[in-house]
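See below for final06.tsv, which holds TSV, C-alpha atoms.
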chain	number	residue	atom	x	y	z
A	1	MET	CA	113.57	98.47	81.13
A	2	ILE	CA	113.93	98.54	84.90
A	3	LEU	CA	115.84	95.87	86.85
A	4	ILE	CA	115.66	95.45	90.63
A	5	ASN	CA	117.29	92.46	92.31
A	6	ALA	CA	117.67	90.73	88.89
A	7	GLN	CA	113.89	91.09	88.37
A	8	SER	CA	112.73	92.80	85.20
A	9	LEU	CA	109.93	95.33	85.73
A	10	ASP	CA	108.60	95.75	82.20
A	11	ASN	CA	105.40	97.64	83.06
A	12	PHE	CA	106.85	100.08	85.59
A	13	ILE	CA	107.50	103.73	84.75
A	14	TRP	CA	109.76	106.26	86.47
A	15	LEU	CA	107.28	108.89	87.67
A	16	ASN	CA	109.62	111.62	88.86
A	17	GLU	CA	112.46	111.26	86.34
A	18	PHE	CA	112.27	114.90	85.27
A	19	ASP	CA	110.96	116.32	88.54
A	20	TYR	CA	114.30	116.67	90.31
A	21	LEU	CA	117.30	118.97	90.14
A	22	PRO	CA	120.33	117.91	92.20
A	23	VAL	CA	121.08	121.45	93.42
A	24	ALA	CA	120.48	123.02	96.83
A	25	GLU	CA	120.11	126.79	97.01
A	26	GLN	CA	120.00	129.25	99.90
A	27	THR	CA	119.29	132.96	99.53
A	28	GLU	CA	119.69	135.66	102.14
A	29	ARG	CA	120.10	139.42	102.27
A	30	ALA	CA	123.16	141.26	103.55
A	31	LEU	CA	122.80	144.25	105.89
A	32	ASN	CA	123.01	146.60	102.90
A	33	GLY	CA	120.18	144.74	101.13
A	34	ALA	CA	122.39	142.94	98.61
A	35	GLN	CA	121.28	139.43	97.83
A	36	HIS	CA	123.67	136.59	98.64
A	37	ILE	CA	122.96	133.30	96.85
A	38	GLU	CA	124.72	130.02	97.64
A	39	LYS	CA	124.32	126.91	95.48
A	40	THR	CA	125.80	123.45	95.76
A	41	PRO	CA	125.28	120.16	93.95
A	42	ILE	CA	123.56	117.35	95.82
A	43	PRO	CA	125.49	114.12	95.17
A	44	ALA	CA	122.97	111.68	96.74
A	45	GLY	CA	119.43	111.46	98.04
A	46	ARG	CA	117.63	111.67	94.69
A	47	PRO	CA	114.17	110.16	95.04
A	48	ILE	CA	113.20	107.51	92.48
A	49	TYR	CA	109.49	106.70	92.32
A	50	LEU	CA	108.46	103.75	90.15
A	51	TYR	CA	104.82	103.03	89.33
A	52	SER	CA	102.73	100.33	87.67
A	53	ASP	CA	98.96	100.20	87.17
A	54	PHE	CA	98.58	96.43	87.41
A	55	GLU	CA	100.90	93.51	88.16
A	56	ASP	CA	100.72	89.82	88.92
A	57	ALA	CA	101.44	88.77	92.47
A	58	SER	CA	104.56	87.00	91.17
A	59	VAL	CA	105.98	90.44	90.29
A	60	PHE	CA	104.79	92.35	93.36
A	61	THR	CA	105.53	89.84	96.14
A	62	PRO	CA	109.33	89.60	95.59
A	63	LEU	CA	109.56	93.41	95.55
A	64	TYR	CA	107.56	93.65	98.76
A	65	GLU	CA	109.76	91.04	100.45
A	66	HIS	CA	112.94	92.72	99.14
A	67	ALA	CA	111.85	96.04	100.67
A	68	GLN	CA	111.23	94.34	104.03
A	69	THR	CA	114.55	92.50	104.18
A	70	THR	CA	117.06	94.71	102.32
A	71	LEU	CA	118.06	97.57	104.58
A	72	THR	CA	121.38	98.34	102.89
A	73	ALA	CA	122.19	99.83	99.49
A	74	PHE	CA	121.67	97.83	96.31
A	75	GLU	CA	121.84	98.50	92.59
A	76	ILE	CA	118.97	99.09	90.18
A	77	THR	CA	119.16	99.67	86.44
A	78	ILE	CA	116.82	101.97	84.53
A	79	ARG	CA	117.26	102.03	80.75
A	80	GLY	CA	120.89	100.95	81.04
A	81	THR	CA	121.82	103.47	83.76
A	82	SER	CA	122.75	102.01	87.15
A	83	PHE	CA	121.78	103.67	90.42
A	84	ASN	CA	122.95	102.73	93.91
A	85	VAL	CA	119.80	103.04	96.06
A	86	VAL	CA	118.04	102.15	99.29
A	87	TRP	CA	114.35	101.69	99.90
A	88	ASP	CA	112.79	104.93	101.14
A	89	HIS	CA	111.04	103.63	104.25
A	90	ASN	CA	110.24	107.19	105.36
A	91	GLN	CA	107.91	107.47	102.36
A	92	LYS	CA	106.31	103.99	102.57
A	93	ALA	CA	108.80	102.12	100.37
A	94	VAL	CA	106.28	99.77	98.72
A	95	GLU	CA	102.58	100.43	98.35
A	96	ALA	CA	99.91	98.52	96.42
A	97	VAL	CA	96.26	97.56	96.49
A	98	PRO	CA	95.10	93.99	95.91
A	99	HIS	CA	92.97	93.83	92.78
A	100	THR	CA	90.46	91.50	94.41
A	101	HIS	CA	90.19	90.60	98.09
A	102	PHE	CA	89.67	86.98	99.04
A	103	SER	CA	88.92	85.74	102.53
A	104	ASP	CA	90.56	82.36	102.04
A	105	SER	CA	93.54	82.97	99.70
A	106	ALA	CA	96.23	85.48	98.89
A	107	PRO	CA	95.64	88.09	96.16
A	108	THR	CA	96.66	87.05	92.65
A	109	HIS	CA	97.07	90.57	91.23
A	110	PHE	CA	97.90	94.03	92.58
A	111	GLN	CA	97.11	97.49	91.25
A	112	ASN	CA	98.46	101.02	91.79
A	113	ILE	CA	101.92	99.78	92.77
A	114	ASN	CA	104.34	102.45	94.01
A	115	LEU	CA	108.01	101.74	94.72
A	116	ARG	CA	109.93	104.51	96.49
A	117	LEU	CA	113.72	104.53	96.52
A	118	LYS	CA	116.47	107.09	96.99
A	119	THR	CA	120.05	107.21	95.75
A	120	VAL	CA	123.00	106.89	98.11

Output the file's structure in the form of structure tokens.
Amino acid sequence: MILINAQSLDNFIWLNEFDYLPVAEQTERALNGAQHIEKTPIPAGRPIYLYSDFEDASVFTPLYEHAQTTLTAFEITIRGTSFNVVWDHNQKAVEAVPHTHFSDSAPTHFQNINLRLKTV
């Protein structure tokens, strides 16, 4: 289960959970041709991408508003593990497509919802 701002996101999945290693590496050659490798752990900046195929507007709208108004770090919980994160506005923090477009009312459902966060 995923919790953001006390809101349970039951249908969301963590897309890039296993697509990240918190290690930076730099390789260069010495004048004699020997390889010099430097590695260091990366303590923050891990991207967290959450995705849902289809959600009600009552689920999407608070997330969209939270991304617009919360510019500082906050806590999310994924399967019991807490992460201190910020919205990744460089990567379009919240993205979704209305399921049906209406000219006279707001959408009732959204599809292809992407939430992009990063740890701090």

May I ask which of the residues A:Ser103, A:Asn11, A:Thr119, A:Thr108 is the closest one to A:Tyr51, counting all atoms listed in the file?
-> A:Asn11

Distance of atom CA of A:Asp88 from atom CA of A:Tyr20, expressed in Å to one decimal place | 16.0 Å

Starting from the point (118.7, 113.7, 102.8), work out which residues of protein, DNA or RNA have an atom no more than 10 Å away when counting all atoms listed in the file; state them as number ranges by chain.
-> A: 42, 44-47, 118-120

Write the residues of the selection above to a file with C-alpha atoms, as a PDB file, in the coordinates of the input.
ATOM      1  CA  ILE A  42     123.560 117.350  95.820  1.00  0.00           C
ATOM      2  CA  ALA A  44     122.970 111.680  96.740  1.00  0.00           C
ATOM      3  CA  GLY A  45     119.430 111.460  98.040  1.00  0.00           C
ATOM      4  CA  ARG A  46     117.630 111.670  94.690  1.00  0.00           C
ATOM      5  CA  PRO A  47     114.170 110.160  95.040  1.00  0.00           C
ATOM      6  CA  LYS A 118     116.470 107.090  96.990  1.00  0.00           C
ATOM      7  CA  THR A 119     120.050 107.210  95.750  1.00  0.00           C
ATOM      8  CA  VAL A 120     123.000 106.890  98.110  1.00  0.00           C
TER       9      VAL A 120
END

Counting all atoms listed in the file, which of A:Ser8, A:Asn90, A:Asn114, A:Ser52 gets nearest to A:Tyr64?
->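 Among the listed residues, the smallest separation from A:Tyr64 belongs to A:Asn114.
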
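Atom to atom, atom CA of A:Ile48 and atom CA of A:Leu115 stand 8.1 Å apart.
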
Nearby residues (only C-alpha atoms) at most 10 Å from A:Lys39, same-chain spacing under 3 positions excluded, as a list of chain:residue names =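 Close residues of A:Lys39: A:Val23, A:Ala24, A:Glu25, A:Gln26, A:Thr27, A:Ile42.
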
Rank A:Leu21, A:Leu50, A:Leu15, A:Ile78 by their smallest atom-to-atom distance to A:Arg116, using all atoms listed in the file, and report the top residue only.
-> A:Leu50

Atom pair atom CA of A:Ser82 / atom CA of A:Gln7: separation (Å) =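 These two atoms are separated by 14.1 Å.
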
Give the answer as one residue: which of A:Asn84, A:Gln91, A:Arg79, A:Pro41 has the shortest atom-to-atom distance to A:Pro22, using all atoms listed in the file?
->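 Going through A:Asn84, A:Gln91, A:Arg79, A:Pro41 one by one, the smallest distance to A:Pro22 is for A:Pro41.
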
Hey, which of A:Glu28, A:Asp56, A:Ala67, A:Thr81 ends up closest to A:Met1? Count all atoms listed in the file.
-> A:Thr81

Selection: 12 Å around A:Thr100, only C-alpha atoms, excl. self and same-chain fewer than 2 positions, as an MDAnalysis selection string = chainID A and resid 54 56:57 96:98 102:111

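Minimum atom-to-atom distances from A:Phe12, A:Leu117, A:Phe83, A:Val94 to A:Gln68 were compared using all atoms listed in the file, and the lowest value belongs to A:Val94.
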
Reconstructed stretch 95-106 of chain A, atom set all heavy atoms, as an mmCIF file, keeping the file's coordinate frame:
data_model
loop_
_atom_site.group_PDB
_atom_site.id
_atom_site.type_symbol
_atom_site.label_atom_id
_atom_site.label_comp_id
_atom_site.auth_asym_id
_atom_site.auth_seq_id
_atom_site.Cartn_x
_atom_site.Cartn_y
_atom_site.Cartn_z
ATOM 1 N N GLU A 95 104.015 100.229 98.108
ATOM 2 C CA GLU A 95 102.580 100.430 98.350
ATOM 3 C C GLU A 95 101.808 99.840 97.180
ATOM 4 O O GLU A 95 102.180 100.034 96.022
ATOM 5 C CB GLU A 95 102.318 101.925 98.460
ATOM 6 C CG GLU A 95 100.899 102.311 98.738
ATOM 7 C CD GLU A 95 100.752 103.813 98.858
ATOM 8 O OE1 GLU A 95 101.535 104.568 98.257
ATOM 9 O OE2 GLU A 95 99.826 104.226 99.553
ATOM 10 N N ALA A 96 100.749 99.106 97.474
ATOM 11 C CA ALA A 96 99.910 98.520 96.420
ATOM 12 C C ALA A 96 98.551 98.165 96.994
ATOM 13 O O ALA A 96 98.373 98.080 98.210
ATOM 14 C CB ALA A 96 100.567 97.274 95.834
ATOM 15 N N VAL A 97 97.613 97.943 96.102
ATOM 16 C CA VAL A 97 96.260 97.560 96.490
ATOM 17 C C VAL A 97 95.938 96.231 95.807
ATOM 18 O O VAL A 97 96.106 96.113 94.588
ATOM 19 C CB VAL A 97 95.236 98.629 96.022
ATOM 20 C CG1 VAL A 97 93.818 98.197 96.351
ATOM 21 C CG2 VAL A 97 95.567 99.971 96.631
ATOM 22 N N PRO A 98 95.505 95.237 96.563
ATOM 23 C CA PRO A 98 95.100 93.990 95.910
ATOM 24 C C PRO A 98 93.953 94.256 94.931
ATOM 25 O O PRO A 98 93.045 95.039 95.226
ATOM 26 C CB PRO A 98 94.627 93.109 97.064
ATOM 27 C CG PRO A 98 95.268 93.692 98.278
ATOM 28 C CD PRO A 98 95.393 95.161 98.015
ATOM 29 N N HIS A 99 94.012 93.620 93.782
ATOM 30 C CA HIS A 99 92.970 93.830 92.780
ATOM 31 C C HIS A 99 91.633 93.286 93.261
ATOM 32 O O HIS A 99 90.589 93.906 93.084
ATOM 33 C CB HIS A 99 93.363 93.166 91.447
ATOM 34 C CG HIS A 99 92.355 93.376 90.372
ATOM 35 N ND1 HIS A 99 91.440 92.418 90.035
ATOM 36 C CD2 HIS A 99 92.111 94.438 89.588
ATOM 37 C CE1 HIS A 99 90.667 92.885 89.064
ATOM 38 N NE2 HIS A 99 91.052 94.104 88.768
ATOM 39 N N THR A 100 91.667 92.113 93.866
ATOM 40 C CA THR A 100 90.460 91.500 94.410
ATOM 41 C C THR A 100 90.809 90.920 95.771
ATOM 42 O O THR A 100 91.839 90.274 95.921
ATOM 43 C CB THR A 100 89.958 90.366 93.498
ATOM 44 O OG1 THR A 100 89.784 90.887 92.176
ATOM 45 C CG2 THR A 100 88.641 89.808 93.985
ATOM 46 N N HIS A 101 89.958 91.141 96.745
ATOM 47 C CA HIS A 101 90.190 90.600 98.090
ATOM 48 C C HIS A 101 89.488 89.260 98.231
ATOM 49 O O HIS A 101 88.327 89.104 97.840
ATOM 50 C CB HIS A 101 89.639 91.562 99.150
ATOM 51 C CG HIS A 101 90.359 92.874 99.186
ATOM 52 N ND1 HIS A 101 91.550 93.044 99.836
ATOM 53 C CD2 HIS A 101 90.065 94.072 98.633
ATOM 54 C CE1 HIS A 101 91.962 94.284 99.698
ATOM 55 N NE2 HIS A 101 91.082 94.935 98.963
ATOM 56 N N PHE A 102 90.235 88.300 98.767
ATOM 57 C CA PHE A 102 89.670 86.980 99.040
ATOM 58 C C PHE A 102 89.820 86.697 100.523
ATOM 59 O O PHE A 102 90.836 87.022 101.121
ATOM 60 C CB PHE A 102 90.409 85.895 98.247
ATOM 61 C CG PHE A 102 90.310 86.055 96.753
ATOM 62 C CD1 PHE A 102 91.395 86.527 96.030
ATOM 63 C CD2 PHE A 102 89.149 85.732 96.087
ATOM 64 C CE1 PHE A 102 91.316 86.667 94.660
ATOM 65 C CE2 PHE A 102 89.060 85.876 94.708
ATOM 66 C CZ PHE A 102 90.147 86.338 94.002
ATOM 67 N N SER A 103 88.833 86.056 101.105
ATOM 68 C CA SER A 103 88.920 85.740 102.530
ATOM 69 C C SER A 103 89.759 84.498 102.785
ATOM 70 O O SER A 103 90.301 84.334 103.875
ATOM 71 C CB SER A 103 87.521 85.538 103.107
ATOM 72 O OG SER A 103 86.900 84.435 102.478
ATOM 73 N N ASP A 104 89.895 83.630 101.794
ATOM 74 C CA ASP A 104 90.560 82.360 102.040
ATOM 75 C C ASP A 104 91.852 82.147 101.236
ATOM 76 O O ASP A 104 92.460 81.092 101.334
ATOM 77 C CB ASP A 104 89.604 81.204 101.762
ATOM 78 C CG ASP A 104 89.066 81.224 100.339
ATOM 79 O OD1 ASP A 104 89.246 82.249 99.658
ATOM 80 O OD2 ASP A 104 88.481 80.222 99.921
ATOM 81 N N SER A 105 92.288 83.134 100.450
ATOM 82 C CA SER A 105 93.540 82.970 99.700
ATOM 83 C C SER A 105 94.209 84.323 99.489
ATOM 84 O O SER A 105 93.593 85.373 99.642
ATOM 85 C CB SER A 105 93.263 82.297 98.350
ATOM 86 O OG SER A 105 92.482 83.136 97.535
ATOM 87 N N ALA A 106 95.462 84.259 99.128
ATOM 88 C CA ALA A 106 96.230 85.480 98.890
ATOM 89 C C ALA A 106 95.817 86.120 97.567
ATOM 90 O O ALA A 106 95.360 85.427 96.646
ATOM 91 C CB ALA A 106 97.714 85.147 98.864
#
